[in-house]
Amino acid sequence: MTEFAVRIDGRGVGVVTPQGRLTMVSARSLRTAVEELVAGGAPKVVVDLSETTFLDSSGLGALIAGLKTCRQAGGDLRIASPTDAVLAVLQLTNLDKVLRPRESAETAFDV
Amino acid sequence: MARREGGRHAQPSPGPADDRDAAGVSRDQQRRVAALVAERGRPERLPLTRRLLLIRIIVILTALLGINYVAWRWLFSVNWPYWWIAVPLVIAETYSLIDSLLFGMTVWRLRERGEPPPAPEGLTVDVFITTYNEPIELVMTTARAAKAIRYPHRTWVLDDGNRPEMRAAAEAEGIGVINRSADWVGMPRHAKAGNLNNALLATDGEFLMILDADQIPTPEILDRTLGYFTDEQMGLVQTPQYFVNVPDHDPLGSQAPLFYGPIQQGKDGWNAAFFCGSNAVIRREALMQIGVSRYAHDIEVGVGKALRTAGAVLEEARAALTPEDQHLAPALDALEYDVKKARRELARGVALFDVTYRFQRRVDDVHRQLVAADVQALQEDLAFIRQLEAVAEDPTDSLADVSESALDTIAHRAWSPLGAIDAVRALVDAVDVGRAGEAQPIMPMATISVTEDMATCMRMHGLGWRSAYHDEVLAHGLAPEDLQTMLTQRLRWAQGTMQVLLRENPLTQSRLRWPQRLMYFATMWSYLSGFAALVYLAAPITYLMIGVLPVQAISTDFFVRLIPFLIVNQLLFFVVADGRPTWRGQQYSLALFPTWIASVTSAFGNVVLGRDLDFAVTPKTKQADTGPRWDLVRPQLIAMGLLVLALVVGSIRIAVGQAGPLGTIFNMVWVVFDLAIFSVIIRAARYKGFEPASAAPDPHEPVAAGAAGGPASRGAA
């Protein structure tokens with residue numbers, strides 16, 4: 001089962017760190033986590049994938065949903081430090097061409 | 001469930017952190033991942049059985065003799081003075097050689113899977129029965145059998161006809177019904193593909209089984225197929241489509257024992273077993289992945305188009321600036337610059353969401369700086385912009401599909417300066433993340449063709465999934481029982497296949513391995529046989545009637561090259577078929593030439609020229625008997641008349657000494673062969689439908705005929 005570590009860093013950026021498998025089972029909780037951050041006044045969100053061991057297409061759908069939520073609130077959603085397994089899924093679906101993975105959660109909003 | 005993640009989803013290993021590129025991940029990591037991706041979809045090792053060895057020897061012989069013959073035809077024996085028949089003939093022969101080579105390649109890796117692995121416990125499965133207008137009782141028969149499938153599952157009737165009596169009948173027996181959700185109102189429905197996409201989002205099983213309304217499953221169908229999915233990369237398992245309402249002589253060529261047998265097994269060997277629309281189990285994740293990747297593709301195309309239109313909007317607004325609005329010019333110029341910059345960045349490969357994010361920030365800034373504007377003009381523009389925003393809500397018609405003329409209208413509307421800026425913003429929003437979030441933008445089943453199965457399967461293979469063909473009849477279906485319905489069905493399959501060829505040519509799909517591309521192409525190639533059939537009719541008729549020979553001479557040279565090739569070619573079919581009848585299929589691949597030709601021309605008209613396809617749903621009930629429908633096969637009857645006439649004229653010409661005996665006899669044999677091929681049409685037109693009393697075939701025996709990889713063989717969709 002996936003756990004979500006959620007925090008707001010020093011610059012007001014929300015950071016969600018899913019741990020373990022991000023699949024159709026946990027996709028909904030990721031959406032909720034992002035929605036709560038945005039509702040709480042942090043429309044800039046980083047999903048830190050460094051502790052995500054597995055990501056399925058429903059998980060990707062949740063990331064896209066979160067992106068929409070953030071943008072509607074004038075913010076953005078970035079993804080950071082994917083593992084090989086996660087990057088492989090991003091590349092397979094070509095989603096890496098539209099949603100660029102960042103090196104780390106700390107620098108995700110630098111550029 | 002038994003997921004093995006070691007293979008595909010390797011655990012991360014630490015890589016050097018210095019060598020970073022724009023993507024924010026190390027090059028080393030990218031290389032590792034690329035290797036992982038490339039490894040997917042590779043065909044598995046195949047044991048070399050005695051049967052396979054024999055097949056391979058004959059394949060090599062066929063290829064050598066075939067290439068030898070056709071090369072000699074091109075180089076030394078084309079009768080150039082009569083090029084109008086000589087060139088079409090040598091082209092038709094080349095077509096047939098390529099068909100034969102592709103068939104040889106298919107069976108080169110013929111894979112007989114035998115006993116399936118045992119089905120693991122605890123998988124979640126949804127069984128879908130798709131229906132549109134079939135009789136309730138027919139659907140219910142299938143639904144009851146589906147409910148009785150032994151492996152734990154849920155059964156759903158997907159009623160696209162939205163019939164209350166269908167719902168009542170199904171629910172009375174505890175079977176779920178899924179209709180289109182409210183999101184589909186006023187949207188393109190995409191027939192069966194849309195029906196399935198709708199159901200995918202209403203259910204959540206890890207696996208789904210798809211059944212046509214007239215395919216009655218056996219209780220063990222899931223037990224016999226789910227085991228293959230212990231391979232984590234397995235995306236699809238297809239089983240045969242077998243029809244019980246077909247007599248032994250199969251006058252309509254309904255069964256496809258060669259396709260649902262050696263051809264699928266050969267494709268399976270290359271990891272390209274096809275999805276045929278029914279009697280298949282699919283991994284949900286594989287389908288969802290297709291949906292996400294199409295989403296990524298569509299927004300890329302859509303944002304590209306939106307930015308082009310945005311540039312045009314700004315140019316128009318700039319040109320239309322009145323003297324009192326001149327102070328707005330710098331803002332428009334700035335935006336025009338930003339649009340160009342965004343387009344340049346996209347062309348350079350900068351990630352799309354980064355580009356649109358920066359662009360939207362810029363538009364916001366510019367907008368905020370311009371408060372003093374003509375409010376009246378802005379109000380009118382806002383109404384139009386709301387229509388643009390409606391595009392964002394449309395789940396199926398992304399800007400990727402919006403016509404150029406619609407975008408032209410947007411571009412050339414008389415915008416107020418501020419309205420133009422808003423329009424630019426709305427355009428880009430419409431195709432940015434706007435379609436995301438809802439599950440609906442994700443359309444896993446391909447909608448580019450009237451036969452969704454082949455296109456979907458090709459995309460699945462492109463994403464590196466495996467497929468398996470399990471050669472065991474696990475469902476009993478109903479085939480058309482009259483000529484008209486049969487012709488409609490064949491036309492539909494052929495059109496669907498041609499649409500895929502024209503929209504997503506397998507030869508250019510870089511993510512497919514070359515053998516996979518060729519396996520898809522082989523099936524498409526076989527649907528071009530109608531044109532070759534025309535030439536094979538015309539050549540002997542021309543000779544017997546007017547003495548024109550397309551070959552330089554009917555000589556020893558000719559026979560020693562042609563005859564061995566024909567013999568090994570038939571031997572290959574014989575060995576590959578292994579007792580399965582192939583004649584009916586060979587007949588139909590030539591005898592339905594008007595259908596095959598019509599499929600190519602109508603699909604071309606549809607895809608390239610944007611015309612209507614005249615698509616019809618295959619009726620599943622017997623049509624009223626009105627006597628033989630000779631009108632449906634008029635071209636074939638005319639062809640047969642000409643063949644007979646050619647025999648008569650040829651006899652007279654030889655009697656009066658106008659034609660040589662060798663050439664005449666050779667062409668007469670050819671004509672008789674053509675007549676034998678076309679004779680099936682007479683039987684088909686006279687066929688009165690299936691009488692169960694006359695020898696009901698044992699559903700577990702592969703009876704009746706199919707094709708030599710030819711178009712009549714594909715019992716799909």
# chains A, B, ... in the order shown; residues from 1 in each chain; ligands from 1
>>> select_by_dssp(residues="range 446-680 of chain B", states="alpha helix (DSSP H)", output="PyMOL selection string")
chain B and resi 452-462+483-503+514-526+529-546+556-577+583-591+593-607+634-655+661-680
>>> closest_atom_pairs(of="chain A", to="chain B", cutoff="9 Å", atoms="only C-alpha atoms", output="JSON lines")
{"residue": "A:Met24", "atom": "CA", "partner": "B:Asp204", "partner_atom": "CA", "distance": 8.4}
{"residue": "A:Thr53", "atom": "CA", "partner": "B:Gln11", "partner_atom": "CA", "distance": 7.2}
{"residue": "A:Phe54", "atom": "CA", "partner": "B:His9", "partner_atom": "CA", "distance": 7.2}
{"residue": "A:Asp56", "atom": "CA", "partner": "B:Glu285", "partner_atom": "CA", "distance": 7.0}
{"residue": "A:Ser57", "atom": "CA", "partner": "B:Gln289", "partner_atom": "CA", "distance": 5.2}
{"residue": "A:Ser58", "atom": "CA", "partner": "B:Met288", "partner_atom": "CA", "distance": 7.1}
{"residue": "A:Leu60", "atom": "CA", "partner": "B:Val292", "partner_atom": "CA", "distance": 7.5}
{"residue": "A:Gly61", "atom": "CA", "partner": "B:Gly437", "partner_atom": "CA", "distance": 6.7}
{"residue": "A:Ala62", "atom": "CA", "partner": "B:Gly437", "partner_atom": "CA", "distance": 7.0}
{"residue": "A:Leu63", "atom": "CA", "partner": "B:Gly437", "partner_atom": "CA", "distance": 8.3}
{"residue": "A:Ile64", "atom": "CA", "partner": "B:Ala436", "partner_atom": "CA", "distance": 5.8}
{"residue": "A:Ala65", "atom": "CA", "partner": "B:Gly437", "partner_atom": "CA", "distance": 3.5}
{"residue": "A:Gly66", "atom": "CA", "partner": "B:Gly437", "partner_atom": "CA", "distance": 7.2}
{"residue": "A:Leu67", "atom": "CA", "partner": "B:Val433", "partner_atom": "CA", "distance": 7.2}
{"residue": "A:Lys68", "atom": "CA", "partner": "B:Val433", "partner_atom": "CA", "distance": 5.6}
{"residue": "A:Thr69", "atom": "CA", "partner": "B:Gly437", "partner_atom": "CA", "distance": 8.2}
{"residue": "A:Arg71", "atom": "CA", "partner": "B:Val433", "partner_atom": "CA", "distance": 8.2}
{"residue": "A:Gly74", "atom": "CA", "partner": "B:Arg361", "partner_atom": "CA", "distance": 8.7}
{"residue": "A:Gly75", "atom": "CA", "partner": "B:Tyr357", "partner_atom": "CA", "distance": 8.9}
{"residue": "A:Asp76", "atom": "CA", "partner": "B:Tyr357", "partner_atom": "CA", "distance": 7.6}
{"residue": "A:Ala80", "atom": "CA", "partner": "B:Gly24", "partner_atom": "CA", "distance": 8.3}
{"residue": "A:Ser81", "atom": "CA", "partner": "B:Val25", "partner_atom": "CA", "distance": 7.2}
{"residue": "A:Pro82", "atom": "CA", "partner": "B:Val25", "partner_atom": "CA", "distance": 8.2}
{"residue": "A:Thr83", "atom": "CA", "partner": "B:Pro12", "partner_atom": "CA", "distance": 5.4}
{"residue": "A:Asp84", "atom": "CA", "partner": "B:Pro12", "partner_atom": "CA", "distance": 5.3}
{"residue": "A:Ala85", "atom": "CA", "partner": "B:His9", "partner_atom": "CA", "distance": 4.6}
{"residue": "A:Val86", "atom": "CA", "partner": "B:His9", "partner_atom": "CA", "distance": 7.9}
{"residue": "A:Leu87", "atom": "CA", "partner": "B:Val33", "partner_atom": "CA", "distance": 7.1}
{"residue": "A:Ala88", "atom": "CA", "partner": "B:Val33", "partner_atom": "CA", "distance": 5.6}
{"residue": "A:Val89", "atom": "CA", "partner": "B:Gln289", "partner_atom": "CA", "distance": 8.7}
{"residue": "A:Leu90", "atom": "CA", "partner": "B:Ser293", "partner_atom": "CA", "distance": 9.0}
{"residue": "A:Gln91", "atom": "CA", "partner": "B:Val37", "partner_atom": "CA", "distance": 8.2}
{"residue": "A:Leu92", "atom": "CA", "partner": "B:Leu463", "partner_atom": "CA", "distance": 6.1}
{"residue": "A:Thr93", "atom": "CA", "partner": "B:Ser293", "partner_atom": "CA", "distance": 4.1}
{"residue": "A:Asn94", "atom": "CA", "partner": "B:Ser293", "partner_atom": "CA", "distance": 5.8}
{"residue": "A:Leu95", "atom": "CA", "partner": "B:Ala296", "partner_atom": "CA", "distance": 5.6}
{"residue": "A:Asp96", "atom": "CA", "partner": "B:Ala351", "partner_atom": "CA", "distance": 7.4}
{"residue": "A:Lys97", "atom": "CA", "partner": "B:Ala351", "partner_atom": "CA", "distance": 5.2}
{"residue": "A:Val98", "atom": "CA", "partner": "B:Leu352", "partner_atom": "CA", "distance": 4.2}
{"residue": "A:Leu99", "atom": "CA", "partner": "B:Phe353", "partner_atom": "CA", "distance": 5.7}
{"residue": "A:Arg100", "atom": "CA", "partner": "B:Ala351", "partner_atom": "CA", "distance": 5.6}
{"residue": "A:Pro101", "atom": "CA", "partner": "B:Gly24", "partner_atom": "CA", "distance": 6.1}
{"residue": "A:Arg102", "atom": "CA", "partner": "B:Gly24", "partner_atom": "CA", "distance": 4.7}
{"residue": "A:Glu103", "atom": "CA", "partner": "B:Gly24", "partner_atom": "CA", "distance": 4.4}
{"residue": "A:Ser104", "atom": "CA", "partner": "B:Gly24", "partner_atom": "CA", "distance": 8.1}
{"residue": "A:Val111", "atom": "CA", "partner": "B:Asp354", "partner_atom": "CA", "distance": 8.9}
>>> write_last_selection(atoms="C-alpha atoms", output="PDB file, in the first residue's frame")
ATOM      1  CA  MET A  24      -5.017   2.233  -9.752  1.00  0.00           C
ATOM      2  CA  THR A  53       8.996   1.707  -7.009  1.00  0.00           C
ATOM      3  CA  PHE A  54       6.222   1.152  -9.519  1.00  0.00           C
ATOM      4  CA  ASP A  56       1.029   2.235 -13.672  1.00  0.00           C
ATOM      5  CA  SER A  57      -1.059   4.089 -16.224  1.00  0.00           C
ATOM      6  CA  SER A  58      -3.737   4.913 -13.696  1.00  0.00           C
ATOM      7  CA  LEU A  60       0.007   8.573 -14.732  1.00  0.00           C
ATOM      8  CA  GLY A  61      -3.630   9.583 -15.074  1.00  0.00           C
ATOM      9  CA  ALA A  62      -3.544  10.852 -11.488  1.00  0.00           C
ATOM     10  CA  LEU A  63      -0.442  12.949 -12.244  1.00  0.00           C
ATOM     11  CA  ILE A  64      -2.190  14.523 -15.233  1.00  0.00           C
ATOM     12  CA  ALA A  65      -5.277  15.174 -13.105  1.00  0.00           C
ATOM     13  CA  GLY A  66      -3.093  16.828 -10.445  1.00  0.00           C
ATOM     14  CA  LEU A  67      -1.422  18.950 -13.114  1.00  0.00           C
ATOM     15  CA  LYS A  68      -4.809  20.223 -14.204  1.00  0.00           C
ATOM     16  CA  THR A  69      -5.827  21.061 -10.627  1.00  0.00           C
ATOM     17  CA  ARG A  71      -2.804  24.931 -13.351  1.00  0.00           C
ATOM     18  CA  GLY A  74      -2.484  29.378 -11.373  1.00  0.00           C
ATOM     19  CA  GLY A  75       0.253  26.999 -10.255  1.00  0.00           C
ATOM     20  CA  ASP A  76       1.963  23.980 -11.753  1.00  0.00           C
ATOM     21  CA  ALA A  80      11.133  14.896  -9.697  1.00  0.00           C
ATOM     22  CA  SER A  81      13.765  12.163  -9.436  1.00  0.00           C
ATOM     23  CA  PRO A  82      11.964   9.209 -11.001  1.00  0.00           C
ATOM     24  CA  THR A  83      13.433   5.752 -10.521  1.00  0.00           C
ATOM     25  CA  ASP A  84      14.403   3.740 -13.604  1.00  0.00           C
ATOM     26  CA  ALA A  85      11.165   1.776 -13.415  1.00  0.00           C
ATOM     27  CA  VAL A  86       9.066   4.938 -13.325  1.00  0.00           C
ATOM     28  CA  LEU A  87      11.089   6.662 -16.033  1.00  0.00           C
ATOM     29  CA  ALA A  88      10.582   3.612 -18.246  1.00  0.00           C
ATOM     30  CA  VAL A  89       6.802   3.990 -17.960  1.00  0.00           C
ATOM     31  CA  LEU A  90       7.067   7.719 -18.719  1.00  0.00           C
ATOM     32  CA  GLN A  91       9.163   7.000 -21.802  1.00  0.00           C
ATOM     33  CA  LEU A  92       6.922   4.189 -22.974  1.00  0.00           C
ATOM     34  CA  THR A  93       3.881   6.408 -22.997  1.00  0.00           C
ATOM     35  CA  ASN A  94       5.866   9.371 -24.367  1.00  0.00           C
ATOM     36  CA  LEU A  95       4.646  11.337 -21.363  1.00  0.00           C
ATOM     37  CA  ASP A  96       8.266  12.358 -20.690  1.00  0.00           C
ATOM     38  CA  LYS A  97       8.027  14.439 -23.879  1.00  0.00           C
ATOM     39  CA  VAL A  98       5.346  16.626 -22.338  1.00  0.00           C
ATOM     40  CA  LEU A  99       6.007  16.308 -18.589  1.00  0.00           C
ATOM     41  CA  ARG A 100       9.717  16.764 -17.959  1.00  0.00           C
ATOM     42  CA  PRO A 101      11.084  14.980 -14.902  1.00  0.00           C
ATOM     43  CA  ARG A 102      13.240  17.259 -12.695  1.00  0.00           C
ATOM     44  CA  GLU A 103      16.444  16.291 -10.972  1.00  0.00           C
ATOM     45  CA  SER A 104      15.208  16.863  -7.445  1.00  0.00           C
ATOM     46  CA  VAL A 111      13.351  26.773 -14.188  1.00  0.00           C
TER      47      VAL A 111
END
>>> atom_distance(atom1="CA of Ser254 in chain B", atom2="CA of Pro480 in chain B")
7.7 Å
>>> residues_around(residues="range 330-345 of chain B", least_positions_apart="5", cutoff="10 Å", atoms="only C-alpha atoms", output="PyMOL selection string")
chain B and resi 303-315+317-318+350-352+354-356+358-360+362-363+365-367+369-370+417-418+420-421+424
>>> select_by_dssp(residues="range 419-536 of chain B", states="strand (DSSP E or B)", output="PDB file with C-alpha atoms, in the first residue's frame")
ATOM      1  CA  ARG B 466       3.417  -9.356 -25.662  1.00  0.00           C
ATOM      2  CA  SER B 467       0.423 -11.167 -27.079  1.00  0.00           C
ATOM      3  CA  ALA B 468      -0.363 -14.859 -27.259  1.00  0.00           C
ATOM      4  CA  TYR B 469      -2.527 -16.946 -29.538  1.00  0.00           C
ATOM      5  CA  ALA B 475     -16.322 -19.966 -27.649  1.00  0.00           C
ATOM      6  CA  HIS B 476     -18.942 -20.946 -30.203  1.00  0.00           C
ATOM      7  CA  GLY B 477     -20.150 -18.228 -32.488  1.00  0.00           C
TER       8      GLY B 477
END
>>> atom_distance(atom1="CA of Leu502 in chain B", atom2="CA of Gly253 in chain B")
26.9 Å
>>> closest_residue(among="A:Gly20, A:Arg7, A:Gly12, A:Asp110", to="Pro43 in chain A", atoms="only C-alpha atoms")
A:Gly12
